[in-house]
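Presented below is the structure to which this report refers.
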There are 4 protein chains.
Amino acid sequence: MVKSGDRVVLYGEDGKKFIVKVEEGGKKGTHLGVVEFDSIIGKEYGDVVTIGKTQKSYYILPPTYIDDIFSMKRKTQIIYPKDSSYILLKLDIKPGTKVIDTGVGSGAMCAAMARLVGPTGKVYAYERREDFYNLAISNLTEWGLIDNVEIRLKDISMGFDHSNVDAILLDVPDPENYIHVCWEALAGGGRLGVICPTTNQVSMVLEKLYEYPFIDVEVWESLMRQYKPYPNRLRPVDRMVAHTTFLVFSRKVNKFIKKQEIESESYGDQENVQQIEQKE
Amino acid sequence: MVKSGDRVVLYGEDGKKFIVKVEEGGKKGTHLGVVEFDSIIGKEYGDVVTIGKTQKSYYILPPTYIDDIFSMKRKTQIIYPKDSSYILLKLDIKPGTKVIDTGVGSGAMCAAMARLVGPTGKVYAYERREDFYNLAISNLTEWGLIDNVEIRLKDISMGFDHSNVDAILLDVPDPENYIHVCWEALAGGGRLGVICPTTNQVSMVLEKLYEYPFIDVEVWESLMRQYKPYPNRLRPVDRMVAHTTFLVFSRKVNKFIKKQEIESESYGDQENVQQIEQKE
Amino acid sequence: MVKSGDRVVLYGEDGKKFIVKVEEGGKKGTHLGVVEFDSIIGKEYGDVVTIGKTQKSYYILPPTYIDDIFSMKRKTQIIYPKDSSYILLKLDIKPGTKVIDTGVGSGAMCAAMARLVGPTGKVYAYERREDFYNLAISNLTEWGLIDNVEIRLKDISMGFDHSNVDAILLDVPDPENYIHVCWEALAGGGRLGVICPTTNQVSMVLEKLYEYPFIDVEVWESLMRQYKPYPNRLRPVDRMVAHTTFLVFSRKVNKFIKKQEIESESYGDQENVQQIEQKE
Amino acid sequence: MVKSGDRVVLYGEDGKKFIVKVEEGGKKGTHLGVVEFDSIIGKEYGDVVTIGKTQKSYYILPPTYIDDIFSMKRKTQIIYPKDSSYILLKLDIKPGTKVIDTGVGSGAMCAAMARLVGPTGKVYAYERREDFYNLAISNLTEWGLIDNVEIRLKDISMGFDHSNVDAILLDVPDPENYIHVCWEALAGGGRLGVICPTTNQVSMVLEKLYEYPFIDVEVWESLMRQYKPYPNRLRPVDRMVAHTTFLVFSRKVNKFIKKQEIESESYGDQENVQQIEQKE
């Protein structure tokens with residue numbers, strides 16, 4: 001049941017949607033008419049609210065993470081669901097995980113991780129620009145996730161204040177300059193994910209990764225194709241997002257067995273589906 | 001520090017890896033030689049263990065979810081990380097979520113959800129084949145996730161025993177026949193994800209979805225490209241997984257405002273990045 | 001050297017381009033100023049023409065096929081270069097080929113084939129709408145290709161007037177209804193290409209193909225990714241064409257050895273790179 | 001009708017195919033049995049030939065270019081149809097075109113162009129390795145295309161012997177070192193295509209292209225998805241070729257209007273479908 005103070009998605013009969021915080025006596029003007037919040041409070045999720053004047057209607061839905069980030073205030077490019085979902089799995093974020101997120105930007109990826117780590121984990125978030133820092137705090141507070149985050153306004157070139165963390169997501173303009181501070185902050189076996197929009201950055205990050213004891217280096221790119229959901233005329237949509245970023249993943253070890261021969265023909269060419277020998 | 005009873009990844013100097021449960025006095029024969037578990041217990045993650053005879057070495061790593069599923073015993077095709085990661089985000093699985101998973105198969109996707117829902121949530125898992133049911137229990141137990149799962153050996157054609165759940169993942173050979181029981185089990189605003197390997201199944205599922213009060217219907221396909229991680233010869237790998245499944249997502253509402261005109265030219269052609277109006 | 005009557009590409013210093021037919025005394029108003037054709041005639045291709053008033057300049061280039069189709073008058077969706085190029089190769093169009101093109105639409109694909117068949121081959125073009133028919137004649141005439149084409153204003157439901165052709169491109173709204181007339185018009189071993197924008201059409205066309213003696217059935221989709229050509233910030237463009245059409249190819253045989261078991265697990269799963277046994 | 005001396009495709013009832021040159025009295029042992037060529041000579045294309053002993057049959061088909069290259073003798077990686085088809089269109093190869101191909105390798109791409117240029121055009125082929133040179137001559141001769149090719153055993157670092165050509169395909173291990181000799185050999189407005197398997201090579205080639213008067217620089221990558229041709233279980237094949245090469249295209253002009261600002265935000269981000277203003 002929707003209560004005063006809840007954030008809800010209004011999903012219009014025309015397919016347009018937005019998020020409102022419903023408070024007693026409040027209202028929101030929309031392109032379909034004015035929505036009185038008192039007509040929402042007390043309804044069940046999945047119910048319909050109809051606007052008196054126009055007789056146009058909205059469905060009332062609970063917001064998901066994807067709803068949240070596409071309606072959030074932002075000053076930066078956000079990491080898309082196609083990428084954030086894969087990062088969450090590769091960095092193995094779950095209840096109890098301790099993870100560093102830097103730079104925070106508008107806080108979308110920080111929120112994705114804060115949702116999952118729960119009260120026994122923590123997101124240590126570093127941002128050096130004060131406007132982004134304040135915006136991220138505001139967004140995380142609105143989403144009710146700020147308690148799972150410890151956020152600092154700080155330049156990381158001198159290193160992180162935290163160490164022995166399970167994972168780090170590095171999303172800065174010059175990631176190749178922070179590989180060593182990531183190695184220092186990670187626990188042994190910890191996971192590093194790096195956001196690299198260009199191929200040149202990928203090459204620079206790879207070079208740095210091979211200088212430090214990082215293993216299991218992988219470079220991925222996610223392409224999501226959406227289809228027009230017509231049963232009798234099923235086909236991909238006409239245009240799609242072609243590129244957001246490359247994703248570089250790796251794991252810290254405490255020292256190298258021996259320096260890797262990174263250009264060996266076989267390296268990196270193994271299929272991920274066969275990397276681990278299946279149990280008999 | 002690795003303790004007796006821990007499951008650890010042994011990552012060989014040749015890049016091959018597997019998972020062992022290290023118990024005092026135990027050992028494991030590998031292609032690099034015999035690994036004595038006593039030489040692992042007490043080490044830190046990220047450390048190296050060297051085999052006396054051959055002087056070959058392994059890194060010791062904590063297993064991630066992806067490590068687990070690629071080394072698990074399985075009798076069924078598993079859902080790949082490229083798909084499972086996107087499903088987790090679209091179904092908004094997080095601590096506290098109550099979600100139905102059916103069919104369970106070998107338990108890989110069930111585990112992915114069980115990791116995240118924590119003690120306040122629950123995965124209700126339904127499987128009708130006894131051999132899969134037993135295997136899933138065995139795998140979930142080994143991973144320490146069985147407490148987060150309530151698993152039943154049951155055919156779902158008569159419906160689920162649970163209702164008012166936040167989300168359902170439907171992964172059965174004939175998903176079009178279970179759309180109505182999913183609608184009944186979901187809470188209002190609840191999320192449904194359907195696994196459809198063929199375009200024909202997508203069409204059949206879409207037809208059924210439009211018969212019941214489901215909105216926000218989306219069809220996606222995930223393509224992950226991996227790159228050879230050579231800084232000076234960066235390029236995609238030569239061959240890739242071209243297709244595993246299409247993913248159909250939707251949300252339950254309690255009743256239709258009006259039956260959707262599913263073949264309208266504009267429907268489904270909106271870009272997901274603009275689905276929600278950004279806050280000013 | 002550019003002569004009066006030649007068609008040339010004007011490629012602006014801002015990257016915008018268009019095609020003009022330069023005739024003595026003529027001129028063309030552009031967003032960079034008025035281009036006098038007499039200042040172009042007598043120049044070499046690759047030279048620069050500067051507009052007196054604004055001192056803005058254009059490069060003079062000979063038009064390619066791709067230049068032509070993106071500047072042509074059109075009333076229909078054209079087949080994109082990513083698709084037309086693959087069709088030309090799969091249908092094995094070359095000097096001397098006799099090929100049927102239907103429907104002609106604005107004539108873009110007809111032109112692609114007419115360029116290649118030369119005086120010893122021929123494109124037999126069928127179009128049932130008079131406005132398209134007239135537009136195609138106008139475009140083919142402007143491009144100097146009309147002599148290689150025999151074009152008819154005709155509905156093909158009663159069959160083609162030509163037979164024993166080497167190849168057919170079938171691009172109509174209901175291709176499944178014309179598979180039999182294509183079989184009749186093709187020479188033994190002749191190639192058929194079918195344009196199918198939706199998966200449903202692909203299924204319908206496949207069903208029909210298996211009813212007639214067609215073999216070597218393949219379904220393809222072409223995805224072209226373009227990259228931003230910055231040497232130091234190389235990356236794919238942000239958005240791309242996600243889908244235009246599926247392409248179904250097949251070859252006519254005179255009779256079936258035996259009806260194909262089209263749903264056998266192995267069928268169609270062979271990789272095209274290994275279909276033909278390499279010579280020792 | 002098949003005549004003695006013709007090259008034909010034998011397409012087995014099991015889907016396996018190969019090419020034979022049928023000569024009177026000849027025969028070929030296959031996995032389905034021995035094919036006597038006298039039983040093929042005199043048949044029509046599309047007919048069936050049955051092997052006496054096993055009663056297994058082959059279809060008789062005329063070879064296409066794709067049949068030829070997948071059955072040819074080769075010592076080098078060939079350019080795949082997905083790439084060669086796009087190159088042919090972007091380089092605007094057609095009857096009458098004069099084009100340089102280097103290095104020739106086994107001759108597959110040389111053949112693709114030689115098929116199209118006809119007696120009024122010419123492929124000038126340069127290869128510096130004698131074994132490849134001899135193999136290419138042998139292959140081009142077998143395909144009946146050698147008259148359209150002028151092939152030289154020569155290192156191109158000192159430049160080409162031909163100039164004023166319409167197009168060049170540059171397929172060598174270090175293409176960045178030959179951009180200037182390509183510029184010299186091309187006619188004004190001529191098209192250059194460069195094969196670059198790695199992103200690093202693309203960057204190096206782009207840097208060189210911007211030093212010389214080349215415009216209209218584009219970088220492309222072709223991804224072809226094949227589908228299993230089952231009408232009732234339509235889906236992409238499980239695995240695909242993920243990468244062969246990037247393709248860099250450009251056009252020579254005689255001098256720069258002004259040096260391009262290659263890193264401007266807008267450059268290269270225009271969509272190819274809108275590059276040329278459509279006629280009103």
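Each chain of the structure tokens is named A, B, ... in the order shown, its residues numbered from 1; ligands are numbered from 1 in display order.
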### Task
Show which residues sit within 7 Å of Pro229 of chain D, as a list of chain:residue names. Count only C-alpha atoms, and ignore same-chain residues fewer than 5 positions away.
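Answer for this query is C:Leu206, C:Val217, C:Glu218, C:Val219, C:Gly268, D:Leu234.
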How about saving the chosen residues, C-alpha atoms kept, as a PDB file, in the first residue's frame?
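Result file follows (selection.pdb):
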ATOM      1  CA  LEU C 206      11.871 -20.449 -44.752  1.00  0.00           C
ATOM      2  CA  VAL C 217      19.460 -21.968 -47.138  1.00  0.00           C
ATOM      3  CA  GLU C 218      21.136 -19.287 -45.034  1.00  0.00           C
ATOM      4  CA  VAL C 219      19.796 -16.437 -42.921  1.00  0.00           C
ATOM      5  CA  GLY C 268      22.380 -24.627 -40.397  1.00  0.00           C
TER       6      GLY C 268
ATOM      7  CA  LEU D 234      14.430 -19.297 -35.487  1.00  0.00           C
TER       8      LEU D 234
END
### Query
Leaving out Met158 of chain D and any residue of its chain fewer than 5 positions from it, which residues lie within 12 Å of it when counting only C-alpha atoms, given as a list of chain:residue names?
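Once the adjacent positions are removed, what remains is D:Asn177, D:Tyr178, D:His180, D:Val181, D:Cys182, D:Glu184, D:Ala185.
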### Task
Could you pull out the residues in segment 41-271 of chain A that DSSP calls helix (DSSP H, G or I) from the backbone, as a PyMOL selection string?
chain A and resi 65-71+81-90+108-117+130-142+146-148+156-158+175-177+179-185+199-209
### Query
Using only C-alpha atoms, which chain A residues lie at most 9 Å away from chain D, written as JSON, numbers by chain?
{"A": [199, 200, 203]}
### Task
In Å, rounded to a single decimal, give me how far atom CA of Leu10 of chain C is from atom CA of Met72 of chain C.
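Interatomic distance, atom CA of Met72 of chain C to atom CA of Leu10 of chain C: 14.6 Å.
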### Message
Can you pull out the residues contacting Asp131 of chain D? Cut-off 9 Å, using only C-alpha atoms, and skip same-chain residues under 4 positions away; I want them as a ChimeraX atom specification.
### Response
/D:75,105,135-136
